[in-house]
$ cat final11.txt   # compact mmCIF, C-alpha atoms (C1' of nucleotides)
# COMPACT_ATOMS: atom_id res chain seq x y z
CA MET Y 455 30.27 37.58 -25.92
CA ASN Y 456 31.31 34.07 -26.74
CA SER Y 457 31.84 33.53 -30.44
CA ALA Y 458 34.26 36.38 -31.01
CA THR Y 459 36.03 36.34 -27.68
CA ALA Y 460 39.00 34.22 -28.69
CA GLY Y 461 40.86 34.07 -31.98
CA ARG Y 462 40.09 36.02 -35.12
CA ALA Y 463 36.79 36.71 -36.80
CA ARG Y 464 34.99 33.71 -38.25
CA ARG Y 465 34.91 33.07 -41.93
CA ALA Y 466 32.06 34.52 -43.97
CA ASP Y 467 30.57 31.15 -44.95
CA ALA Y 468 30.56 30.07 -41.31
CA ARG Y 469 28.58 33.15 -40.33
CA ARG Y 470 26.17 32.60 -43.18
CA ASN Y 471 25.63 29.00 -42.21
CA TYR Y 472 25.10 29.97 -38.59
CA GLU Y 473 22.24 32.23 -39.60
CA ALA Y 474 20.80 29.67 -41.99
CA LEU Y 475 20.84 27.04 -39.26
CA LEU Y 476 19.20 29.38 -36.79
CA THR Y 477 16.43 30.15 -39.25
CA ALA Y 478 15.99 26.50 -40.16
CA GLY Y 479 15.99 25.55 -36.49
CA LYS Y 480 13.26 28.05 -35.73
CA SER Y 481 11.03 26.74 -38.48
CA VAL Y 482 11.62 23.10 -37.63
CA PHE Y 483 11.10 23.61 -33.90
CA ALA Y 484 7.99 25.65 -34.56
CA GLU Y 485 6.55 22.98 -36.83
CA SER Y 486 7.59 19.81 -35.06
CA GLY Y 487 8.48 20.88 -31.53
CA THR Y 488 11.82 20.99 -29.79
CA GLU Y 489 12.32 17.23 -30.09
CA ALA Y 490 12.35 17.23 -33.87
CA PRO Y 491 15.24 15.43 -35.64
CA LEU Y 492 18.19 17.75 -36.06
CA GLU Y 493 18.99 16.22 -39.43
CA GLU Y 494 15.97 18.07 -40.81
CA VAL Y 495 17.43 21.33 -39.53
CA ALA Y 496 20.64 20.74 -41.45
CA ARG Y 497 18.75 19.68 -44.55
CA ARG Y 498 16.52 22.73 -44.48
CA ALA Y 499 19.49 25.02 -43.97
CA GLY Y 500 21.18 23.39 -46.95
CA VAL Y 501 24.26 22.29 -45.01
CA GLY Y 502 25.72 18.97 -43.91
CA GLN Y 503 25.40 17.35 -40.52
CA GLY Y 504 28.98 18.22 -39.71
CA THR Y 505 28.31 21.92 -40.11
CA LEU Y 506 25.27 21.76 -37.90
CA TYR Y 507 27.16 20.05 -35.08
CA ARG Y 508 30.14 22.36 -35.43
CA GLN Y 509 27.96 25.42 -34.94
CA PHE Y 510 25.74 23.85 -32.31
CA PRO Y 511 27.41 20.94 -30.55
CA THR Y 512 24.17 19.77 -28.95
CA ARG Y 513 20.47 20.32 -29.32
CA GLU Y 514 20.64 22.50 -26.22
CA HIS Y 515 23.06 24.88 -27.90
CA LEU Y 516 20.77 25.30 -30.86
CA PHE Y 517 17.79 25.72 -28.62
CA ALA Y 518 19.53 28.31 -26.48
CA ALA Y 519 20.47 30.32 -29.57
CA ILE Y 520 16.93 30.14 -30.92
CA MET Y 521 15.46 31.28 -27.64
CA SER Y 522 17.85 34.12 -27.02
CA GLU Y 523 15.68 36.81 -28.59
CA THR Y 524 12.66 35.74 -26.58
CA ILE Y 525 14.76 35.57 -23.43
CA ASP Y 526 16.05 39.07 -24.05
CA LEU Y 527 12.53 40.41 -24.43
CA LEU Y 528 11.45 38.71 -21.21
CA ASP Y 529 14.48 40.12 -19.44
CA ARG Y 530 13.77 43.67 -20.60
CA THR Y 531 10.10 43.36 -19.73
CA ALA Y 532 10.92 42.16 -16.23
CA ARG Y 533 13.14 45.18 -15.70
CA ASP Y 534 10.44 47.51 -17.02
CA LEU Y 535 7.87 45.96 -14.74
CA LEU Y 536 10.04 46.67 -11.73
CA ALA Y 537 8.89 50.27 -12.18
CA ALA Y 538 5.21 49.34 -12.20
CA PRO Y 539 3.33 50.51 -9.12
CA ASP Y 540 1.68 47.22 -8.15
CA PRO Y 541 4.23 44.46 -7.45
CA TRP Y 542 1.66 41.69 -7.63
CA ASP Y 543 0.19 42.86 -10.87
CA ALA Y 544 3.66 43.21 -12.36
CA LEU Y 545 4.56 39.67 -11.36
CA VAL Y 546 1.37 38.25 -12.85
CA ARG Y 547 1.83 40.18 -16.06
CA TRP Y 548 5.30 38.84 -16.51
CA LEU Y 549 4.27 35.26 -15.86
CA ARG Y 550 1.50 35.53 -18.42
CA LEU Y 551 3.90 36.98 -20.94
CA TYR Y 552 6.32 34.14 -20.28
CA ASP Y 553 3.55 31.66 -20.84
CA GLU Y 554 2.52 33.28 -24.11
CA SER Y 555 6.10 33.59 -25.32
CA ALA Y 556 6.43 29.85 -25.13
CA ALA Y 557 3.47 29.19 -27.39
CA CYS Y 558 5.32 28.99 -30.69
CA TYR Y 559 7.71 26.17 -29.77
CA GLN Y 560 6.02 23.11 -28.41
CA GLY Y 561 8.01 21.78 -25.46
CA MET Y 562 9.85 25.01 -24.87
CA THR Y 563 9.05 25.74 -21.23
CA ARG Y 564 9.84 22.23 -20.14
CA ARG Y 565 13.21 22.48 -21.84
CA VAL Y 566 13.85 25.89 -20.32
CA ALA Y 567 13.01 24.64 -16.84
CA GLU Y 568 15.35 21.68 -17.23
CA GLY Y 569 18.08 23.83 -18.71
CA VAL Y 570 17.86 26.43 -15.98
CA ALA Y 571 18.16 23.73 -13.34
CA ASP Y 572 21.47 22.56 -14.81
CA ASP Y 573 24.28 25.07 -14.52
CA ALA Y 574 26.30 23.37 -17.23
CA SER Y 575 23.56 23.79 -19.81
CA PRO Y 576 23.93 26.53 -22.43
CA VAL Y 577 20.30 27.30 -21.72
CA ALA Y 578 21.20 28.23 -18.16
CA ALA Y 579 23.78 30.71 -19.45
CA ALA Y 580 21.33 32.19 -21.95
CA CYS Y 581 18.68 32.57 -19.27
CA ALA Y 582 20.89 34.04 -16.56
CA PRO Y 583 19.96 37.71 -17.12
CA MET Y 584 16.27 36.93 -17.37
CA ARG Y 585 16.47 34.78 -14.29
CA ALA Y 586 18.07 37.61 -12.36
CA SER Y 587 15.54 40.24 -13.38
CA PHE Y 588 12.62 37.93 -12.78
CA GLY Y 589 14.15 37.23 -9.38
CA GLN Y 590 13.98 40.90 -8.55
CA LEU Y 591 10.41 41.11 -9.73
CA PHE Y 592 9.51 38.14 -7.61
CA ASP Y 593 11.39 39.31 -4.55
CA ARG Y 594 9.69 42.68 -4.70
CA ALA Y 595 6.28 41.01 -4.56
CA ARG Y 596 7.38 38.69 -1.82
CA ALA Y 597 8.92 41.47 0.24
CA ALA Y 598 5.59 43.29 0.00
CA GLY Y 599 3.96 40.27 1.62
CA LEU Y 600 2.08 39.32 -1.53
CA VAL Y 601 3.70 35.91 -2.00
CA ARG Y 602 4.20 33.11 0.49
CA PRO Y 603 7.64 33.50 2.04
CA ASP Y 604 8.76 29.87 1.70
CA LEU Y 605 8.68 30.01 -2.09
CA THR Y 606 11.66 31.00 -4.20
CA ALA Y 607 11.68 32.69 -7.58
CA LEU Y 608 13.26 29.64 -9.16
CA GLN Y 609 10.61 27.38 -7.69
CA LEU Y 610 7.81 29.48 -9.08
CA PHE Y 611 9.53 29.68 -12.44
CA THR Y 612 9.99 25.93 -12.53
CA MET Y 613 6.41 25.32 -11.53
CA ILE Y 614 4.97 27.59 -14.19
CA SER Y 615 7.25 26.03 -16.76
CA ALA Y 616 6.03 22.56 -15.95
CA LEU Y 617 2.32 23.27 -16.31
CA PRO Y 618 0.73 21.24 -19.12
CA LYS Y 619 0.03 23.15 -22.29
CA ASP Y 620 -3.02 23.22 -24.47
CA PRO Y 621 -1.85 21.48 -27.67
CA THR Y 622 -3.82 23.82 -29.93
CA SER Y 623 -2.96 27.22 -28.47
CA GLY Y 624 0.42 26.26 -27.03
CA THR Y 625 -0.26 28.22 -23.86
CA THR Y 626 -1.16 26.97 -20.42
CA ILE Y 627 -4.80 26.06 -19.89
CA PRO Y 628 -6.27 29.05 -17.98
CA PRO Y 629 -7.38 27.35 -14.76
CA TYR Y 630 -3.87 25.92 -14.27
CA LEU Y 631 -2.28 29.32 -14.25
CA ASP Y 632 -5.01 30.73 -12.05
CA VAL Y 633 -4.58 27.91 -9.56
CA VAL Y 634 -0.88 28.57 -9.24
CA LEU Y 635 -1.34 32.32 -8.98
CA LYS Y 636 -3.87 31.88 -6.21
CA GLY Y 637 -1.77 29.23 -4.54
CA ILE Y 638 1.37 31.30 -4.19
CA ARG Y 639 -0.30 33.98 -2.10
CA PRO Y 640 0.69 33.79 1.56
CA MET C 219 -9.89 -9.44 -18.84
CA ASN C 220 -8.05 -9.19 -22.11
CA SER C 221 -5.44 -11.91 -22.41
CA ALA C 222 -7.78 -14.83 -21.88
CA THR C 223 -10.86 -13.41 -23.54
CA ALA C 224 -10.35 -14.97 -26.96
CA GLY C 225 -8.83 -18.32 -27.89
CA ARG C 226 -7.45 -20.88 -25.48
CA ALA C 227 -5.22 -20.46 -22.47
CA ARG C 228 -1.70 -19.30 -23.13
CA ARG C 229 1.18 -21.68 -23.03
CA ALA C 230 3.03 -22.18 -19.77
CA ASP C 231 6.33 -20.73 -20.97
CA ALA C 232 4.53 -17.64 -22.23
CA ARG C 233 3.00 -17.05 -18.82
CA ARG C 234 6.34 -17.60 -17.14
CA ASN C 235 8.05 -15.15 -19.46
CA TYR C 236 5.32 -12.60 -18.89
CA GLU C 237 5.99 -12.67 -15.17
CA ALA C 238 9.75 -12.60 -15.67
CA LEU C 239 9.43 -9.56 -17.93
CA LEU C 240 7.17 -7.80 -15.46
CA THR C 241 9.66 -8.37 -12.65
CA ALA C 242 12.58 -7.31 -14.80
CA GLY C 243 10.67 -4.26 -15.97
CA LYS C 244 9.99 -3.20 -12.41
CA SER C 245 13.60 -3.45 -11.42
CA VAL C 246 14.87 -1.68 -14.53
CA PHE C 247 12.31 1.11 -14.31
CA ALA C 248 13.00 1.52 -10.60
CA GLU C 249 16.74 1.75 -11.20
CA SER C 250 16.89 3.75 -14.39
CA GLY C 251 13.50 5.42 -14.75
CA THR C 252 10.74 4.79 -17.21
CA GLU C 253 12.87 5.79 -20.19
CA ALA C 254 15.41 3.04 -19.67
CA PRO C 255 16.32 0.88 -22.70
CA LEU C 256 13.89 -2.00 -23.08
CA GLU C 257 16.68 -4.23 -24.29
CA GLU C 258 17.91 -4.35 -20.69
CA VAL C 259 14.49 -5.56 -19.55
CA ALA C 260 14.65 -8.49 -21.95
CA ARG C 261 18.22 -9.26 -20.97
CA ARG C 262 17.41 -9.23 -17.27
CA ALA C 263 14.37 -11.43 -17.80
CA GLY C 264 16.53 -13.88 -19.71
CA VAL C 265 14.46 -13.73 -22.88
CA GLY C 266 14.97 -12.43 -26.40
CA GLN C 267 13.81 -9.11 -27.79
CA GLY C 268 11.09 -10.83 -29.76
CA THR C 269 9.51 -12.24 -26.63
CA LEU C 270 9.53 -8.86 -24.92
CA TYR C 271 7.78 -7.18 -27.82
CA ARG C 272 5.28 -9.99 -28.22
CA GLN C 273 4.20 -9.68 -24.60
CA PHE C 274 4.38 -5.90 -24.51
CA PRO C 275 4.12 -4.36 -27.98
CA THR C 276 5.21 -0.94 -26.76
CA ARG C 277 6.83 0.62 -23.75
CA GLU C 278 3.40 1.89 -22.74
CA HIS C 279 2.05 -1.65 -22.52
CA LEU C 280 4.85 -2.70 -20.23
CA PHE C 281 4.46 0.42 -18.16
CA ALA C 282 0.72 -0.06 -17.80
CA ALA C 283 1.23 -3.63 -16.62
CA ILE C 284 3.87 -2.59 -14.12
CA MET C 285 1.69 0.15 -12.71
CA SER C 286 -1.47 -1.89 -12.43
CA GLU C 287 -0.95 -2.92 -8.81
CA THR C 288 -0.29 0.64 -7.74
CA ILE C 289 -3.31 1.81 -9.71
CA ASP C 290 -5.47 -0.78 -8.02
CA LEU C 291 -4.34 0.37 -4.60
CA LEU C 292 -5.05 3.99 -5.48
CA ASP C 293 -8.45 3.01 -6.80
CA ARG C 294 -9.36 1.14 -3.64
CA THR C 295 -8.09 3.91 -1.43
CA ALA C 296 -10.15 6.47 -3.30
CA ARG C 297 -13.28 4.40 -2.75
CA ASP C 298 -12.46 4.00 0.93
CA LEU C 299 -11.92 7.71 1.31
CA LEU C 300 -15.38 8.38 -0.06
CA ALA C 301 -16.57 7.25 3.34
CA ALA C 302 -14.33 9.66 5.21
CA PRO C 303 -16.23 12.47 6.94
CA ASP C 304 -14.24 15.44 5.61
CA PRO C 305 -14.33 15.64 1.78
CA TRP C 306 -11.46 18.07 1.60
CA ASP C 307 -9.23 16.09 3.88
CA ALA C 308 -10.02 12.92 1.93
CA LEU C 309 -9.08 14.59 -1.34
CA VAL C 310 -5.81 15.87 0.05
CA ARG C 311 -4.93 12.53 1.54
CA TRP C 312 -5.47 10.78 -1.77
CA LEU C 313 -3.38 13.30 -3.68
CA ARG C 314 -0.51 12.89 -1.25
CA LEU C 315 -0.76 9.13 -1.53
CA TYR C 316 -0.68 9.40 -5.32
CA ASP C 317 2.39 11.55 -5.09
CA GLU C 318 4.15 9.11 -2.81
CA SER C 319 3.13 6.11 -4.89
CA ALA C 320 4.97 7.59 -7.81
CA ALA C 321 8.25 7.87 -5.94
CA CYS C 322 9.72 4.51 -6.91
CA TYR C 323 9.61 4.99 -10.68
CA GLN C 324 11.24 8.16 -11.89
CA GLY C 325 9.10 9.74 -14.60
CA MET C 326 6.00 7.82 -13.66
CA THR C 327 3.49 10.61 -13.05
CA ARG C 328 4.41 12.37 -16.25
CA ARG C 329 3.85 9.18 -18.18
CA VAL C 330 0.57 8.53 -16.39
CA ALA C 331 -0.66 12.02 -17.17
CA GLU C 332 0.21 11.64 -20.83
CA GLY C 333 -1.28 8.17 -20.99
CA VAL C 334 -4.53 9.20 -19.35
CA ALA C 335 -4.90 12.05 -21.82
CA ASP C 336 -4.74 9.62 -24.76
CA ASP C 337 -7.68 7.24 -24.97
CA ALA C 338 -5.79 4.88 -27.23
CA SER C 339 -3.02 4.36 -24.68
CA PRO C 340 -3.00 1.14 -22.65
CA VAL C 341 -2.24 3.35 -19.67
CA ALA C 342 -5.62 5.04 -20.10
CA ALA C 343 -7.35 1.67 -19.95
CA ALA C 344 -5.38 0.61 -16.89
CA CYS C 345 -6.19 3.87 -15.11
CA ALA C 346 -9.88 3.99 -15.93
CA PRO C 347 -11.17 2.60 -12.61
CA MET C 348 -8.86 4.79 -10.57
CA ARG C 349 -9.81 7.78 -12.63
CA ALA C 350 -13.48 7.12 -11.99
CA SER C 351 -13.12 6.73 -8.25
CA PHE C 352 -10.86 9.73 -7.95
CA GLY C 353 -13.46 11.62 -9.97
CA GLN C 354 -16.06 10.82 -7.33
CA LEU C 355 -13.73 11.87 -4.54
CA PHE C 356 -13.05 15.12 -6.33
CA ASP C 357 -16.67 15.80 -7.21
CA ARG C 358 -17.69 15.27 -3.61
CA ALA C 359 -15.29 17.96 -2.48
CA ARG C 360 -16.32 20.28 -5.25
CA ALA C 361 -20.02 19.76 -4.59
CA ALA C 362 -19.35 20.71 -0.97
CA GLY C 363 -17.98 24.00 -2.22
CA LEU C 364 -14.42 23.18 -1.18
CA VAL C 365 -12.91 23.33 -4.69
CA ARG C 366 -13.26 25.97 -7.36
CA PRO C 367 -16.11 25.01 -9.64
CA ASP C 368 -14.34 25.59 -12.96
CA LEU C 369 -11.79 22.87 -12.31
CA THR C 370 -12.30 19.26 -13.36
CA ALA C 371 -10.97 16.12 -11.72
CA LEU C 372 -8.87 15.34 -14.78
CA GLN C 373 -7.37 18.80 -14.78
CA LEU C 374 -6.33 18.53 -11.15
CA PHE C 375 -4.95 15.06 -11.74
CA THR C 376 -2.97 16.25 -14.72
CA MET C 377 -1.64 19.22 -12.84
CA ILE C 378 -0.46 17.21 -9.86
CA SER C 379 1.12 14.69 -12.20
CA ALA C 380 3.11 17.38 -13.96
CA LEU C 381 4.67 18.94 -10.86
CA PRO C 382 8.46 18.63 -10.84
CA LYS C 383 9.85 15.95 -8.58
CA ASP C 384 12.69 16.07 -6.13
CA PRO C 385 15.33 13.81 -7.74
CA THR C 386 16.41 12.33 -4.42
CA SER C 387 13.07 11.53 -2.76
CA GLY C 388 11.10 11.07 -5.96
CA THR C 389 8.15 12.95 -4.53
CA THR C 390 6.95 16.44 -5.28
CA ILE C 391 8.77 19.24 -3.52
CA PRO C 392 6.47 20.24 -0.62
CA PRO C 393 5.76 23.87 -1.53
CA TYR C 394 4.61 22.82 -5.02
CA LEU C 395 1.93 20.55 -3.65
CA ASP C 396 0.90 23.13 -1.06
CA VAL C 397 0.61 25.80 -3.72
CA VAL C 398 -1.70 23.68 -5.81
CA LEU C 399 -3.80 22.59 -2.84
CA LYS C 400 -4.25 26.18 -1.80
CA GLY C 401 -4.87 27.27 -5.36
CA ILE C 402 -7.72 24.90 -6.06
CA ARG C 403 -9.91 26.28 -3.28
CA PRO C 404 -12.75 28.43 -4.59
C1' DA M 1217 48.79 32.94 -57.49
C1' DA M 1218 49.46 30.29 -53.87
C1' DC M 1219 49.52 28.83 -49.28
C1' DG M 1220 47.76 27.96 -44.70
C1' DA M 1221 43.93 28.14 -41.87
C1' DT M 1222 39.24 27.44 -41.60
C1' DA M 1223 35.12 25.24 -42.61
C1' DC M 1224 32.45 21.85 -45.27
C1' DG M 1225 29.79 17.47 -45.89
C1' DG M 1226 28.64 13.05 -45.86
C1' DA M 1227 30.17 8.49 -44.43
C1' DC M 1228 30.31 6.23 -40.27
C1' DG M 1229 29.85 4.05 -35.48
C1' DA M 1230 27.03 3.78 -31.56
C1' DG M 1231 22.80 2.99 -29.34
C1' DG M 1232 17.96 2.29 -29.32
C1' DT M 1233 13.24 0.59 -31.24
C1' DG M 1234 10.41 -2.65 -33.22
C1' DT M 1235 9.83 -6.55 -36.93
C1' DC M 1236 10.46 -10.89 -39.16
C1' DC M 1237 11.05 -15.56 -39.71
C1' DG M 1238 13.51 -20.05 -39.18
C1' DT M 1239 13.74 -22.91 -35.16
C1' DT M 1240 12.37 -24.74 -30.78
C1' DT M 1241 9.08 -25.98 -27.36
C1' DC M 1242 4.72 -26.97 -25.62
C1' DT M 1243 0.16 -29.31 -25.78
C1' DC M 1244 -3.05 -32.58 -26.80
C1' DG M 1245 -5.35 -36.37 -29.29
C1' DG M 1246 -4.45 -40.97 -30.55
C1' DC R 1290 4.37 -42.74 -25.37
C1' DC R 1291 4.46 -40.28 -29.46
C1' DG R 1292 3.97 -37.33 -33.12
C1' DA R 1293 1.64 -33.62 -35.57
C1' DG R 1294 0.51 -28.80 -35.40
C1' DA R 1295 -0.04 -24.70 -32.97
C1' DA R 1296 2.27 -21.47 -30.07
C1' DA R 1297 6.12 -19.14 -28.65
C1' DC R 1298 11.07 -18.24 -28.86
C1' DG R 1299 15.22 -15.46 -29.96
C1' DG R 1300 18.35 -13.02 -32.32
C1' DA R 1301 19.43 -11.11 -36.80
C1' DC R 1302 17.88 -7.32 -39.15
C1' DA R 1303 16.04 -2.83 -40.96
C1' DC R 1304 15.39 1.62 -39.47
C1' DC R 1305 16.09 5.91 -37.08
C1' DT R 1306 18.70 9.52 -34.71
C1' DC R 1307 22.73 11.42 -32.57
C1' DG R 1308 27.22 13.00 -32.77
C1' DT R 1309 32.17 12.25 -34.71
C1' DC R 1310 35.79 12.05 -38.00
C1' DC R 1311 38.52 13.16 -41.75
C1' DG R 1312 39.50 13.88 -46.72
C1' DT R 1313 38.24 17.75 -49.47
C1' DA R 1314 36.84 22.38 -50.71
C1' DT R 1315 36.73 27.17 -49.78
C1' DC R 1316 38.18 31.47 -47.84
C1' DG R 1317 41.33 35.20 -46.84
C1' DT R 1318 45.73 36.91 -46.85
C1' DT R 1319 50.30 37.82 -48.54
$ encode --input "final11.txt" --output "C-alpha cells"
Amino acid sequence: MNSATAGRARRADARRNYEALLTAGKSVFAESGTEAPLEEVARRAGVGQGTLYRQFPTREHLFAAIMSETIDLLDRTARDLLAAPDPWDALVRWLRLYDESAACYQGMTRRVAEGVADDASPVAAACAPMRASFGQLFDRARAAGLVRPDLTALQLFTMISALPKDPTSGTTIPPYLDVVLKGIRP
Amino acid sequence: MNSATAGRARRADARRNYEALLTAGKSVFAESGTEAPLEEVARRAGVGQGTLYRQFPTREHLFAAIMSETIDLLDRTARDLLAAPDPWDALVRWLRLYDESAACYQGMTRRVAEGVADDASPVAAACAPMRASFGQLFDRARAAGLVRPDLTALQLFTMISALPKDPTSGTTIPPYLDVVLKGIRP
DNA sequence: AACGATACGGACGAGGTGTCCGTTTCTCGG
DNA sequence: CCGAGAAACGGACACCTCGTCCGTATCGTT
C-alpha cells in the first residue's frame, strides 16, 4: 500500500532490482546476520550502492521488507489461534512459532523488538497487524485469568524477543522460554 | 595481577595516563553508553589515540577495567549473602543489586553477558570471581529446592542480563524481573 | 525516433576503529 | 648532573561501512 500509492507505476528495471535486492538481502542476512554490510547485498544483487539505498533508504527498510512474509504468517496464525479452545495453549503455541520463525536470521528478534518500540521505524509499520492480532491472543488469555494482569502484550513480546538465542539452532534455549512462560502466570 | 607480572614497573606517565583514560572512559560511557566513540575517551583524557589503544587494545579491555570495581562489589556481596539465612531471599537480593549496579552504564549488562559467554574476552576474566561466588549463591538456592533443577547459574545470569532496560532509570522494568524470578522456581 | 522522466552506479564525504612509526619523555647507571 | 637507551607518546594513516550526490544510461511514451 505504499509503493504504488502516489505517482505512476515504477519502471520495470526498478521492480526487477527491488526483487533482486530482496533476494540478496535474505541470503546475506541468513548467512551473516542482520548486521552484515549492506554493500554485500548490493554486490550480490548485481546493482550499485545507489540503487540499494534508493530502494531501501536504511537497513531497517530492507529488514522490514525481508521480514514481511514471516510477519504475515505470524499475523494469520495469531488470528487462527483465536479460534482455538484453550487460550493459554494458543498463546504458548504462537510464542513458540514466533521463536522458531526467527531462527533463520541471526539477530532478528532483537531488531524486531527495537523496531516495534519505535513508532517511526518501518519495522513498526510492518509489524502493526501482527502486533494487533497477537494483542488479542494475549488479552484473551489474560482475561481468562491465565496471565498476570500487570503484564501487557507488548511487554511479553519484548521480553520473548530479548531472550538470548542458541547460536547453533537460532532459537531460544528451552529453559529460557519455559521460565518466561511459567513466570507470566498470575 | 597482569600488568606488573612480567618486566619492570611501568613508567610514571603511563600509569597516569591509564588512570586518566579510566576516568574519561567512565564519564563517556556513563553519558553516551558503552557504544560511544573511543576517540572521545582519548580526547577527554587528554591523550592521543595511540595511547588509548596501547593501554586498552579493544573496547572490551576498557570496559572490563571500568567495570572491575562494580564486579568486585558484586563478588563481595555474593559471598556475604552466602551467610544469609534464606537462600532464596539472598539470591533475589543479589539479582536486584546486579540490576541496579548496571544502571549507570547503558548497555552494560548486555555487554557483560556477551563477555562472560566468551572465554577469550577480558570481561570474562574480570568477571570470573563474581561468577564463581554467584554460582555458589545460586547453587545453594537450587540445592534447597527453591530453583528449578534444569537451570544453571550462568543461564540465569545471562537471562537477567538480557532483559530490556527502562531507558530513563537504566534498570529492568519491574514486571520483567518479577516474571523471571517467578519463572525460575521449580 | 526522440524526448522527458526515471533509475542507475560508483565516486565521494563523513565517522569510526585500530595500527604504525618518528619523536618525545622518562629512568637509571655513571 | 648527564647522557644513553628503553618506554611511551600522539597523530597521521589505512581501512571499513554508511549513506549521498550527480553525471550518465535506460525506459516508456508520443
$ closest_residue --input "final11.txt" --among "C:Ala227, C:Leu239, C:Val265, C:Ala380" --to "chain R" --atoms "only C-alpha atoms (C1' of nucleotides)"
C:Val265
$ residues_around --input "final11.txt" --residues "Ser575 of chain Y" --least-positions-apart "5" --cutoff "12 Å" --atoms "all atoms listed in the file" --output "list of chain:residue names"
Y:Pro511, Y:Thr512, Y:Arg513, Y:Glu514, Y:His515, Y:Leu516, Y:Phe517, Y:Ala518, Y:Arg565, Y:Val566, Y:Ala567, Y:Glu568, Y:Gly569, Y:Val570, Y:Ala580, Y:Cys581, Y:Ala582
$ interface_residues --input "final11.txt" --of "chain Y" --to "chain R" --cutoff "10 Å" --atoms "all atoms listed in the file" --output "PyMOL selection string"
chain Y and resi 465-467+491-493+503-504+507+511-513
$ write_last_selection --input "final11.txt" --atoms "C-alpha atoms" --output "PDB file, keeping the file's coordinate frame"
ATOM      1  CA  ARG Y 465      34.910  33.070 -41.930  1.00  0.00           C
ATOM      2  CA  ALA Y 466      32.060  34.520 -43.970  1.00  0.00           C
ATOM      3  CA  ASP Y 467      30.570  31.150 -44.950  1.00  0.00           C
ATOM      4  CA  PRO Y 491      15.240  15.430 -35.640  1.00  0.00           C
ATOM      5  CA  LEU Y 492      18.190  17.750 -36.060  1.00  0.00           C
ATOM      6  CA  GLU Y 493      18.990  16.220 -39.430  1.00  0.00           C
ATOM      7  CA  GLN Y 503      25.400  17.350 -40.520  1.00  0.00           C
ATOM      8  CA  GLY Y 504      28.980  18.220 -39.710  1.00  0.00           C
ATOM      9  CA  TYR Y 507      27.160  20.050 -35.080  1.00  0.00           C
ATOM     10  CA  PRO Y 511      27.410  20.940 -30.550  1.00  0.00           C
ATOM     11  CA  THR Y 512      24.170  19.770 -28.950  1.00  0.00           C
ATOM     12  CA  ARG Y 513      20.470  20.320 -29.320  1.00  0.00           C
TER      13      ARG Y 513
END
$ atom_distance --input "final11.txt" --atom1 "atom CA of Lys244 of chain C" --atom2 "atom CA of Gly353 of chain C"
27.8 Å
$ atom_distance --input "final11.txt" --atom1 "atom CA of Pro393 of chain C" --atom2 "atom CA of Val633 of chain Y"
13.7 Å
$ closest_atom_pairs --input "final11.txt" --of "chain M" --to "chain Y" --cutoff "8 Å" --atoms "all atoms listed in the file" --output "tab-separated table"
residue	atom	partner	partner_atom	distance
M:DT1222	C1'	Y:Arg465	CA	7.1
M:DA1223	C1'	Y:Ala468	CA	6.8
M:DC1224	C1'	Y:Thr505	CA	6.6
M:DG1225	C1'	Y:Gly502	CA	4.8
M:DG1226	C1'	Y:Gly502	CA	6.9
$ interface_residues --input "final11.txt" --of "chain C" --to "chain Y" --cutoff "8 Å" --atoms "all atoms listed in the file" --output "ChimeraX atom specification"
/C:368-369,373,376-377,380-382,393-394,396-402
$ atom_distance --input "final11.txt" --atom1 "atom CA of Pro305 of chain C" --atom2 "atom CA of Ala359 of chain C"
4.9 Å
$ closest_residue --input "final11.txt" --among "C:Ala242, C:Met285, C:Ala254, C:Val341" --to "DG1232 of chain M" --atoms "only C-alpha atoms (C1' of nucleotides)"
C:Ala254
$ closest_residue --input "final11.txt" --among "C:Ala320, C:Ser351, C:Ala308, C:Arg261" --to "Ala238 of chain C" --atoms "all atoms listed in the file"
C:Arg261
